[in-house]
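Engineer: Structure file work08.csv (CSV, N, CA, C and O atoms) right here:
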```csv
chain,number,residue,atom,x,y,z
A,146,MET,N,0.9,-1.2,0.0
A,146,MET,CA,0.0,0.0,0.0
A,146,MET,C,0.9,1.2,0.0
A,146,MET,O,1.8,1.4,0.8
A,147,THR,N,0.7,2.1,-0.9
A,147,THR,CA,1.5,3.4,-1.0
A,147,THR,C,0.9,4.4,-0.1
A,147,THR,O,-0.2,4.3,0.5
A,148,ASN,N,1.7,5.5,0.2
A,148,ASN,CA,1.2,6.6,1.0
A,148,ASN,C,-0.1,7.1,0.6
A,148,ASN,O,-1.0,7.5,1.4
A,149,GLU,N,-0.3,7.2,-0.8
A,149,GLU,CA,-1.6,7.8,-1.3
A,149,GLU,C,-2.8,6.9,-1.0
A,149,GLU,O,-3.9,7.4,-0.9
A,150,ASP,N,-2.5,5.6,-0.9
A,150,ASP,CA,-3.6,4.6,-0.6
A,150,ASP,C,-4.0,4.5,0.9
A,150,ASP,O,-5.0,4.0,1.2
A,151,GLN,N,-3.1,5.0,1.7
A,151,GLN,CA,-3.4,4.9,3.2
A,151,GLN,C,-4.5,5.9,3.6
A,151,GLN,O,-4.4,7.1,3.2
A,152,PRO,N,-5.4,5.5,4.4
A,152,PRO,CA,-6.4,6.4,4.9
A,152,PRO,C,-5.7,7.5,5.8
A,152,PRO,O,-4.7,7.2,6.5
A,153,ILE,N,-6.3,8.7,5.9
A,153,ILE,CA,-5.8,9.7,6.8
A,153,ILE,C,-6.1,9.3,8.2
A,153,ILE,O,-7.2,8.9,8.6
A,154,LYS,N,-5.0,9.5,9.0
A,154,LYS,CA,-5.2,9.2,10.5
A,154,LYS,C,-5.6,10.5,11.2
A,154,LYS,O,-5.0,11.5,11.0
A,155,GLY,N,-6.6,10.4,12.0
A,155,GLY,CA,-7.1,11.6,12.7
A,155,GLY,C,-7.8,12.6,11.8
A,155,GLY,O,-8.4,12.2,10.8
A,156,LYS,N,-7.8,13.9,12.1
A,156,LYS,CA,-8.4,14.9,11.3
A,156,LYS,C,-7.6,15.2,10.1
A,156,LYS,O,-6.4,15.0,10.0
A,157,LYS,N,-8.2,15.8,9.0
A,157,LYS,CA,-7.5,16.1,7.8
A,157,LYS,C,-6.4,17.1,8.0
A,157,LYS,O,-5.5,17.2,7.2
A,158,THR,N,-6.4,17.8,9.1
A,158,THR,CA,-5.4,18.9,9.4
A,158,THR,C,-4.3,18.3,10.3
A,158,THR,O,-3.4,19.0,10.6
A,159,ASP,N,-4.4,17.1,10.7
A,159,ASP,CA,-3.3,16.5,11.6
A,159,ASP,C,-2.1,16.1,10.8
A,159,ASP,O,-2.2,15.6,9.6
A,160,ILE,N,-1.0,16.1,11.4
A,160,ILE,CA,0.3,15.6,10.8
A,160,ILE,C,0.1,14.1,10.6
A,160,ILE,O,-0.3,13.4,11.5
A,161,GLN,N,0.5,13.7,9.4
A,161,GLN,CA,0.3,12.2,9.1
A,161,GLN,C,1.6,11.4,9.5
A,161,GLN,O,1.5,10.3,9.7
A,162,ASN,N,2.7,12.1,9.5
A,162,ASN,CA,4.0,11.4,9.8
A,162,ASN,C,4.8,12.2,10.8
A,162,ASN,O,5.8,12.7,10.5
A,163,PRO,N,4.3,12.2,12.1
A,163,PRO,CA,5.0,13.1,13.1
A,163,PRO,C,6.4,12.7,13.3
A,163,PRO,O,7.2,13.5,13.7
A,164,GLU,N,6.8,11.4,13.0
A,164,GLU,CA,8.1,11.0,13.3
A,164,GLU,C,9.1,11.7,12.3
A,164,GLU,O,10.3,11.7,12.6
A,165,LEU,N,8.6,12.3,11.3
A,165,LEU,CA,9.5,13.0,10.3
A,165,LEU,C,9.8,14.4,10.7
A,165,LEU,O,10.7,15.1,10.1
A,166,TRP,N,9.1,14.9,11.7
A,166,TRP,CA,9.3,16.3,12.2
A,166,TRP,C,10.2,16.3,13.3
A,166,TRP,O,10.2,15.5,14.2
A,167,GLU,N,11.1,17.4,13.3
A,167,GLU,CA,12.0,17.5,14.4
A,167,GLU,C,11.7,18.8,15.2
A,167,GLU,O,11.7,19.9,14.6
A,168,PHE,N,11.4,18.6,16.5
A,168,PHE,CA,11.0,19.8,17.3
A,168,PHE,C,12.1,20.0,18.3
A,168,PHE,O,12.8,19.0,18.8
A,169,PRO,N,12.3,21.2,18.8
A,169,PRO,CA,11.7,22.5,18.3
A,169,PRO,C,12.2,22.9,16.9
A,169,PRO,O,13.2,22.5,16.5
A,170,MET,N,11.4,23.7,16.3
A,170,MET,CA,11.7,24.2,14.9
A,170,MET,C,11.1,25.5,14.6
A,170,MET,O,10.0,25.8,15.2
A,171,ASP,N,11.7,26.3,13.8
A,171,ASP,CA,11.1,27.5,13.2
A,171,ASP,C,10.4,27.0,11.9
A,171,ASP,O,11.0,26.3,11.1
A,172,TYR,N,9.1,27.4,11.7
A,172,TYR,CA,8.3,26.9,10.6
A,172,TYR,C,7.7,28.1,9.8
A,172,TYR,O,6.8,28.7,10.2
A,173,PRO,N,8.3,28.3,8.6
A,173,PRO,CA,7.8,29.4,7.8
A,173,PRO,C,6.5,28.9,7.1
A,173,PRO,O,6.4,27.8,6.6
A,174,MET,N,5.5,29.8,6.9
A,174,MET,CA,4.3,29.5,6.3
A,174,MET,C,3.8,30.7,5.4
A,174,MET,O,4.1,31.9,5.8
A,175,SER,N,3.1,30.4,4.4
A,175,SER,CA,2.4,31.4,3.6
A,175,SER,C,0.9,31.0,3.7
A,175,SER,O,0.5,29.9,3.3
A,176,ILE,N,0.1,32.0,4.1
A,176,ILE,CA,-1.3,31.7,4.3
A,176,ILE,C,-2.0,32.7,3.3
A,176,ILE,O,-2.0,33.9,3.4
A,177,ILE,N,-2.7,32.0,2.3
A,177,ILE,CA,-3.3,32.8,1.3
A,177,ILE,C,-4.8,33.0,1.6
A,177,ILE,O,-5.5,32.1,2.0
A,178,GLY,N,-5.2,34.3,1.5
A,178,GLY,CA,-6.5,34.7,1.8
A,178,GLY,C,-7.4,34.7,0.6
A,178,GLY,O,-7.0,34.7,-0.5
A,179,HIS,N,-8.7,34.8,0.9
A,179,HIS,CA,-9.7,35.0,-0.2
A,179,HIS,C,-9.6,36.4,-0.9
A,179,HIS,O,-9.1,37.3,-0.2
A,180,GLU,N,-10.0,36.5,-2.1
A,180,GLU,CA,-9.9,37.7,-2.8
A,180,GLU,C,-10.6,38.9,-2.1
A,180,GLU,O,-11.7,38.8,-1.5
A,181,GLY,N,-9.9,40.0,-2.0
A,181,GLY,CA,-10.4,41.2,-1.3
A,181,GLY,C,-10.5,41.2,0.2
A,181,GLY,O,-11.1,42.0,0.8
A,182,GLN,N,-9.9,40.2,0.8
A,182,GLN,CA,-10.1,40.0,2.3
A,182,GLN,C,-8.8,40.3,3.1
A,182,GLN,O,-8.6,39.8,4.2
A,183,GLN,N,-7.8,41.0,2.5
A,183,GLN,CA,-6.5,41.2,3.1
A,183,GLN,C,-6.6,41.7,4.6
A,183,GLN,O,-5.9,41.2,5.5
A,184,GLU,N,-7.4,42.7,4.9
A,184,GLU,CA,-7.5,43.2,6.2
A,184,GLU,C,-8.1,42.2,7.2
A,184,GLU,O,-7.7,42.1,8.3
A,185,THR,N,-9.2,41.6,6.7
A,185,THR,CA,-9.9,40.6,7.5
A,185,THR,C,-8.9,39.4,7.8
A,185,THR,O,-8.9,38.9,8.9
A,186,LEU,N,-8.2,39.0,6.8
A,186,LEU,CA,-7.2,37.9,6.9
A,186,LEU,C,-6.2,38.3,7.9
A,186,LEU,O,-5.9,37.5,8.8
A,187,LEU,N,-5.6,39.5,7.9
A,187,LEU,CA,-4.6,39.9,8.8
A,187,LEU,C,-5.2,39.9,10.2
A,187,LEU,O,-4.5,39.4,11.2
A,188,ASN,N,-6.4,40.4,10.4
A,188,ASN,CA,-7.0,40.4,11.8
A,188,ASN,C,-7.3,39.0,12.3
A,188,ASN,O,-7.0,38.7,13.5
A,189,GLU,N,-7.7,38.1,11.4
A,189,GLU,CA,-8.0,36.8,11.8
A,189,GLU,C,-6.7,36.0,12.2
A,189,GLU,O,-6.7,35.3,13.2
A,190,LEU,N,-5.7,36.2,11.4
A,190,LEU,CA,-4.4,35.6,11.7
A,190,LEU,C,-3.8,36.1,13.0
A,190,LEU,O,-3.2,35.3,13.8
A,191,LYS,N,-4.0,37.4,13.3
A,191,LYS,CA,-3.5,37.9,14.6
A,191,LYS,C,-4.2,37.3,15.8
A,191,LYS,O,-3.6,37.0,16.8
A,192,LEU,N,-5.5,37.0,15.6
A,192,LEU,CA,-6.3,36.3,16.7
A,192,LEU,C,-5.8,34.9,16.9
A,192,LEU,O,-5.5,34.4,18.0
A,193,ILE,N,-5.6,34.2,15.8
A,193,ILE,CA,-5.2,32.8,15.8
A,193,ILE,C,-3.8,32.7,16.4
A,193,ILE,O,-3.5,31.9,17.3
A,194,LEU,N,-2.8,33.4,15.8
A,194,LEU,CA,-1.4,33.3,16.2
A,194,LEU,C,-1.2,33.9,17.6
A,194,LEU,O,-0.4,33.3,18.4
A,195,GLY,N,-1.9,34.9,17.9
A,195,GLY,CA,-1.8,35.5,19.2
A,195,GLY,C,-2.3,34.6,20.3
A,195,GLY,O,-1.7,34.6,21.4
A,196,SER,N,-3.3,33.9,20.0
A,196,SER,CA,-3.9,33.0,21.1
A,196,SER,C,-3.1,31.7,21.2
A,196,SER,O,-2.9,31.2,22.3
A,197,GLN,N,-2.6,31.2,20.1
A,197,GLN,CA,-1.8,29.9,20.1
A,197,GLN,C,-0.3,30.1,20.4
A,197,GLN,O,0.3,29.2,20.9
A,198,PHE,N,0.2,31.2,20.1
A,198,PHE,CA,1.6,31.5,20.3
A,198,PHE,C,1.8,32.9,21.0
A,198,PHE,O,2.0,33.9,20.3
A,199,PRO,N,1.6,33.0,22.3
A,199,PRO,CA,1.6,34.3,23.0
A,199,PRO,C,2.9,35.1,22.7
A,199,PRO,O,2.9,36.3,22.8
A,200,GLU,N,4.0,34.4,22.5
A,200,GLU,CA,5.3,35.0,22.3
A,200,GLU,C,5.5,35.5,20.9
A,200,GLU,O,6.4,36.2,20.6
A,201,PHE,N,4.6,35.1,19.9
A,201,PHE,CA,4.7,35.5,18.5
A,201,PHE,C,4.6,37.0,18.4
A,201,PHE,O,3.7,37.6,18.9
A,202,ASP,N,5.5,37.6,17.6
A,202,ASP,CA,5.5,39.0,17.3
A,202,ASP,C,4.5,39.3,16.1
A,202,ASP,O,4.8,39.0,15.0
A,203,LEU,N,3.3,39.8,16.5
A,203,LEU,CA,2.3,40.0,15.5
A,203,LEU,C,2.7,41.0,14.4
A,203,LEU,O,2.2,40.9,13.3
A,204,ALA,N,3.6,41.9,14.8
A,204,ALA,CA,4.1,42.9,13.8
A,204,ALA,C,5.0,42.2,12.7
A,204,ALA,O,5.2,42.9,11.7
A,205,SER,N,5.4,41.0,12.9
A,205,SER,CA,6.3,40.3,12.0
A,205,SER,C,5.5,39.7,10.8
A,205,SER,O,6.1,39.2,9.8
A,206,ILE,N,4.2,39.7,10.8
A,206,ILE,CA,3.4,39.2,9.7
A,206,ILE,C,3.5,40.1,8.5
A,206,ILE,O,3.3,41.3,8.6
A,207,GLN,N,3.9,39.5,7.4
A,207,GLN,CA,4.1,40.2,6.2
A,207,GLN,C,3.0,39.9,5.2
A,207,GLN,O,2.7,38.8,4.9
A,208,LEU,N,2.2,40.9,4.8
A,208,LEU,CA,1.1,40.8,3.9
A,208,LEU,C,1.6,41.1,2.5
A,208,LEU,O,2.0,42.2,2.3
A,209,VAL,N,1.5,40.2,1.6
A,209,VAL,CA,2.1,40.3,0.3
A,209,VAL,C,1.0,40.1,-0.8
A,209,VAL,O,0.4,39.1,-0.8
A,210,PRO,N,0.8,41.0,-1.7
A,210,PRO,CA,-0.2,40.8,-2.8
A,210,PRO,C,0.3,39.8,-3.8
A,210,PRO,O,1.5,39.7,-4.1
A,211,SER,N,-0.6,39.1,-4.5
A,211,SER,CA,-0.2,38.3,-5.6
A,211,SER,C,0.2,39.1,-6.8
A,211,SER,O,0.0,40.4,-6.8
A,212,LYS,N,0.7,38.5,-7.8
A,212,LYS,CA,1.1,39.3,-9.0
A,212,LYS,C,0.0,40.1,-9.6
A,212,LYS,O,0.2,41.2,-10.1
A,213,THR,N,-1.2,39.5,-9.6
A,213,THR,CA,-2.4,40.2,-10.2
A,213,THR,C,-3.1,41.1,-9.2
A,213,THR,O,-3.9,42.0,-9.5
A,214,GLY,N,-2.7,41.0,-7.9
A,214,GLY,CA,-3.3,41.8,-6.8
A,214,GLY,C,-4.6,41.3,-6.4
A,214,GLY,O,-5.3,42.0,-5.5
A,215,ARG,N,-5.1,40.2,-6.9
A,215,ARG,CA,-6.4,39.7,-6.5
A,215,ARG,C,-6.4,39.1,-5.1
A,215,ARG,O,-7.4,39.1,-4.4
A,216,PHE,N,-5.3,38.5,-4.8
A,216,PHE,CA,-5.2,37.8,-3.5
A,216,PHE,C,-4.0,38.3,-2.7
A,216,PHE,O,-3.1,39.0,-3.2
A,217,HIS,N,-4.0,38.1,-1.4
A,217,HIS,CA,-2.9,38.4,-0.5
A,217,HIS,C,-2.5,37.2,0.2
A,217,HIS,O,-3.3,36.4,0.6
A,218,SER,N,-1.2,37.1,0.5
A,218,SER,CA,-0.7,36.0,1.4
A,218,SER,C,0.0,36.7,2.6
A,218,SER,O,0.6,37.7,2.4
A,219,ALA,N,-0.2,36.0,3.7
A,219,ALA,CA,0.5,36.4,4.9
A,219,ALA,C,1.6,35.5,5.1
A,219,ALA,O,1.5,34.3,5.1
A,220,ARG,N,2.8,36.1,5.3
A,220,ARG,CA,4.0,35.2,5.5
A,220,ARG,C,4.4,35.4,7.0
A,220,ARG,O,4.5,36.5,7.5
A,221,VAL,N,4.5,34.2,7.6
A,221,VAL,CA,4.8,34.1,9.1
A,221,VAL,C,5.8,33.1,9.3
A,221,VAL,O,6.0,32.2,8.5
A,222,ASN,N,6.5,33.2,10.4
A,222,ASN,CA,7.4,32.2,10.9
A,222,ASN,C,7.1,31.9,12.3
A,222,ASN,O,7.4,32.8,13.2
A,223,VAL,N,6.6,30.7,12.6
A,223,VAL,CA,6.3,30.4,14.0
A,223,VAL,C,7.3,29.4,14.6
A,223,VAL,O,7.9,28.6,13.8
A,224,HIS,N,7.5,29.4,15.9
A,224,HIS,CA,8.4,28.5,16.6
A,224,HIS,C,7.5,27.4,17.2
A,224,HIS,O,6.7,27.7,18.0
A,225,LEU,N,7.7,26.2,16.7
A,225,LEU,CA,6.9,25.0,17.1
A,225,LEU,C,7.8,24.1,18.0
A,225,LEU,O,9.0,23.9,17.8
A,226,THR,N,7.1,23.6,19.1
A,226,THR,CA,7.8,22.7,20.0
A,226,THR,C,7.2,21.3,20.0
A,226,THR,O,7.8,20.4,20.6
A,227,ALA,N,6.1,21.1,19.4
A,227,ALA,CA,5.4,19.8,19.5
A,227,ALA,C,4.4,19.6,18.3
A,227,ALA,O,3.9,20.6,17.8
A,228,ALA,N,4.2,18.4,17.9
A,228,ALA,CA,3.3,18.1,16.8
A,228,ALA,C,1.9,18.6,17.1
A,228,ALA,O,1.1,19.0,16.2
A,229,GLU,N,1.5,18.6,18.4
A,229,GLU,CA,0.1,19.1,18.8
A,229,GLU,C,-0.1,20.5,18.4
A,229,GLU,O,-1.2,20.9,18.0
A,230,GLN,N,1.0,21.3,18.4
A,230,GLN,CA,0.9,22.7,18.0
A,230,GLN,C,0.6,22.8,16.5
A,230,GLN,O,-0.2,23.7,16.1
A,231,VAL,N,1.2,22.0,15.7
A,231,VAL,CA,1.0,22.0,14.3
A,231,VAL,C,-0.4,21.6,14.0
A,231,VAL,O,-1.1,22.3,13.2
A,232,ASN,N,-0.9,20.6,14.7
A,232,ASN,CA,-2.3,20.1,14.5
A,232,ASN,C,-3.3,21.2,14.8
A,232,ASN,O,-4.3,21.5,14.1
A,233,GLU,N,-3.1,21.9,16.0
A,233,GLU,CA,-4.0,22.9,16.4
A,233,GLU,C,-4.0,24.1,15.5
A,233,GLU,O,-5.0,24.7,15.2
A,234,LEU,N,-2.8,24.5,15.0
A,234,LEU,CA,-2.6,25.6,14.1
A,234,LEU,C,-3.3,25.4,12.8
A,234,LEU,O,-4.1,26.2,12.3
A,235,TYR,N,-3.1,24.2,12.2
A,235,TYR,CA,-3.7,23.9,10.9
A,235,TYR,C,-5.3,23.7,11.1
A,235,TYR,O,-6.0,24.1,10.2
A,236,ALA,N,-5.7,23.2,12.2
A,236,ALA,CA,-7.2,23.1,12.4
A,236,ALA,C,-7.8,24.5,12.5
A,236,ALA,O,-8.9,24.8,11.9
A,237,ALA,N,-7.1,25.4,13.2
A,237,ALA,CA,-7.6,26.8,13.3
A,237,ALA,C,-7.6,27.5,12.0
A,237,ALA,O,-8.6,28.2,11.6
A,238,LEU,N,-6.5,27.3,11.2
A,238,LEU,CA,-6.5,27.9,9.9
A,238,LEU,C,-7.5,27.4,8.9
A,238,LEU,O,-8.1,28.1,8.1
A,239,ASP,N,-7.8,26.1,9.0
A,239,ASP,CA,-8.8,25.4,8.2
A,239,ASP,C,-10.2,26.0,8.5
A,239,ASP,O,-11.0,26.1,7.6
A,240,ALA,N,-10.4,26.3,9.8
A,240,ALA,CA,-11.7,26.8,10.2
A,240,ALA,C,-11.9,28.3,9.9
A,240,ALA,O,-13.0,28.8,10.0
A,241,ALA,N,-10.8,29.0,9.7
A,241,ALA,CA,-10.8,30.5,9.4
A,241,ALA,C,-11.5,30.8,8.1
A,241,ALA,O,-11.3,30.2,7.1
A,242,LYS,N,-12.5,31.7,8.2
A,242,LYS,CA,-13.3,32.1,7.0
A,242,LYS,C,-12.5,32.8,5.9
A,242,LYS,O,-12.9,32.7,4.8
A,243,THR,N,-11.4,33.5,6.3
A,243,THR,CA,-10.7,34.2,5.3
A,243,THR,C,-9.5,33.5,4.7
A,243,THR,O,-8.9,34.0,3.7
A,244,VAL,N,-9.2,32.3,5.2
A,244,VAL,CA,-8.1,31.5,4.7
A,244,VAL,C,-8.5,30.7,3.5
A,244,VAL,O,-9.4,29.8,3.6
A,245,ARG,N,-7.8,30.8,2.4
A,245,ARG,CA,-8.1,30.1,1.2
A,245,ARG,C,-7.2,28.8,1.1
A,245,ARG,O,-7.6,27.7,0.8
A,246,MET,N,-5.9,29.0,1.5
A,246,MET,CA,-4.9,27.9,1.4
A,246,MET,C,-3.7,28.2,2.2
A,246,MET,O,-3.4,29.4,2.5
A,247,VAL,N,-3.1,27.2,2.7
A,247,VAL,CA,-1.8,27.3,3.5
A,247,VAL,C,-0.7,26.6,2.8
A,247,VAL,O,-0.9,25.4,2.4
A,248,VAL,N,0.4,27.3,2.6
A,248,VAL,CA,1.5,26.7,1.9
A,248,VAL,C,2.7,26.7,2.8
A,248,VAL,O,3.0,27.6,3.5
```
Re-express the file's structure as structure tokens.
Structural biologist:
Amino acid sequence: MTNEDQPIKGKKTDIQNPELWEFPMDYPMSIIGHEGQQETLLNELKLILGSQFPEFDLASIQLVPSKTGRFHSARVNVHLTAAEQVNELYAALDAAKTVRMVV
């Protein structure tokens, strides 16, 4: 059975192979928002990151427009210490109304 054939363990936002991750680590992310939602995206990310990572510098979030200007991505770098933090962060981002995709 290949990796593609294996059923997802846990929620769709959970890490599937936690043994491949090395903690603690700095984890860069690009969070792409829905069209025309850059300010709402920024505010929602501040709430999520501020609640899950109290030491995170909210002023470090970089909001970057796409080439066409239709979308914006927020670039962040979070310090992770455990797989549970990754699972909680991705679950919160998946539930966020302004988040289109996380890269």
Engineer: Could you pull out the alpha helix (DSSP H) residues of chain A, going by DSSP on the backbone, and write them as a PyMOL selection string?
Structural biologist: chain A and resi 183-197+228-240
Engineer: Would you kindly return, as a compact mmCIF listing (two decimals) with N, CA, C and O atoms, in the coordinates of the input, each protein, DNA or RNA residue with an atom no farther than 5 Å from any atom of Val221 (chain A), considering all atoms listed in the file and excluding same-chain residues fewer than 3 positions away?
Structural biologist:
```txt
# COMPACT_ATOMS: atom_id res chain seq x y z
N TYR A 172 9.10 27.40 11.70
CA TYR A 172 8.30 26.90 10.60
C TYR A 172 7.70 28.10 9.80
O TYR A 172 6.80 28.70 10.20
N PRO A 173 8.30 28.30 8.60
CA PRO A 173 7.80 29.40 7.80
C PRO A 173 6.50 28.90 7.10
O PRO A 173 6.40 27.80 6.60
N MET A 174 5.50 29.80 6.90
CA MET A 174 4.30 29.50 6.30
C MET A 174 3.80 30.70 5.40
O MET A 174 4.10 31.90 5.80
```
Engineer: From the set A:Leu208, A:Arg215, A:Gln197, A:Pro163, which residue has the shortest atom-to-atom contact distance to Gln230 (chain A), counting all atoms listed in the file?
Structural biologist: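 Of A:Leu208, A:Arg215, A:Gln197, A:Pro163, the one nearest Gln230 (chain A) is A:Gln197, counting all atoms listed in the file.
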Engineer: For Gln182 (chain A), list every protein, DNA or RNA residue within 7 Å, evaluated using all atoms listed in the file, and leave out those in the same chain fewer than 5 positions away; present the list as an MDAnalysis selection string.
Structural biologist: chainID A and resid 187:188 215:217 243
Engineer: Which value, in Å to one decimal, gives the distance between CA of His224 (chain A) and CA of Leu194 (chain A)?
Structural biologist: 10.9 Å
Engineer: From the set A:Pro210, A:Val244, A:Ala237, A:Ala228, which residue has the shortest atom-to-atom contact distance to Phe168 (chain A), counting all atoms listed in the file?
Structural biologist: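 Between A:Pro210, A:Val244, A:Ala237, A:Ala228, the residue approaching Phe168 (chain A) most closely is A:Ala228.
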Engineer: Which value, in Å to one decimal, gives the distance between CA of Leu234 (chain A) and CA of Gly214 (chain A)?
Structural biologist: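 Computing it gives 26.5 Å between the two atoms.
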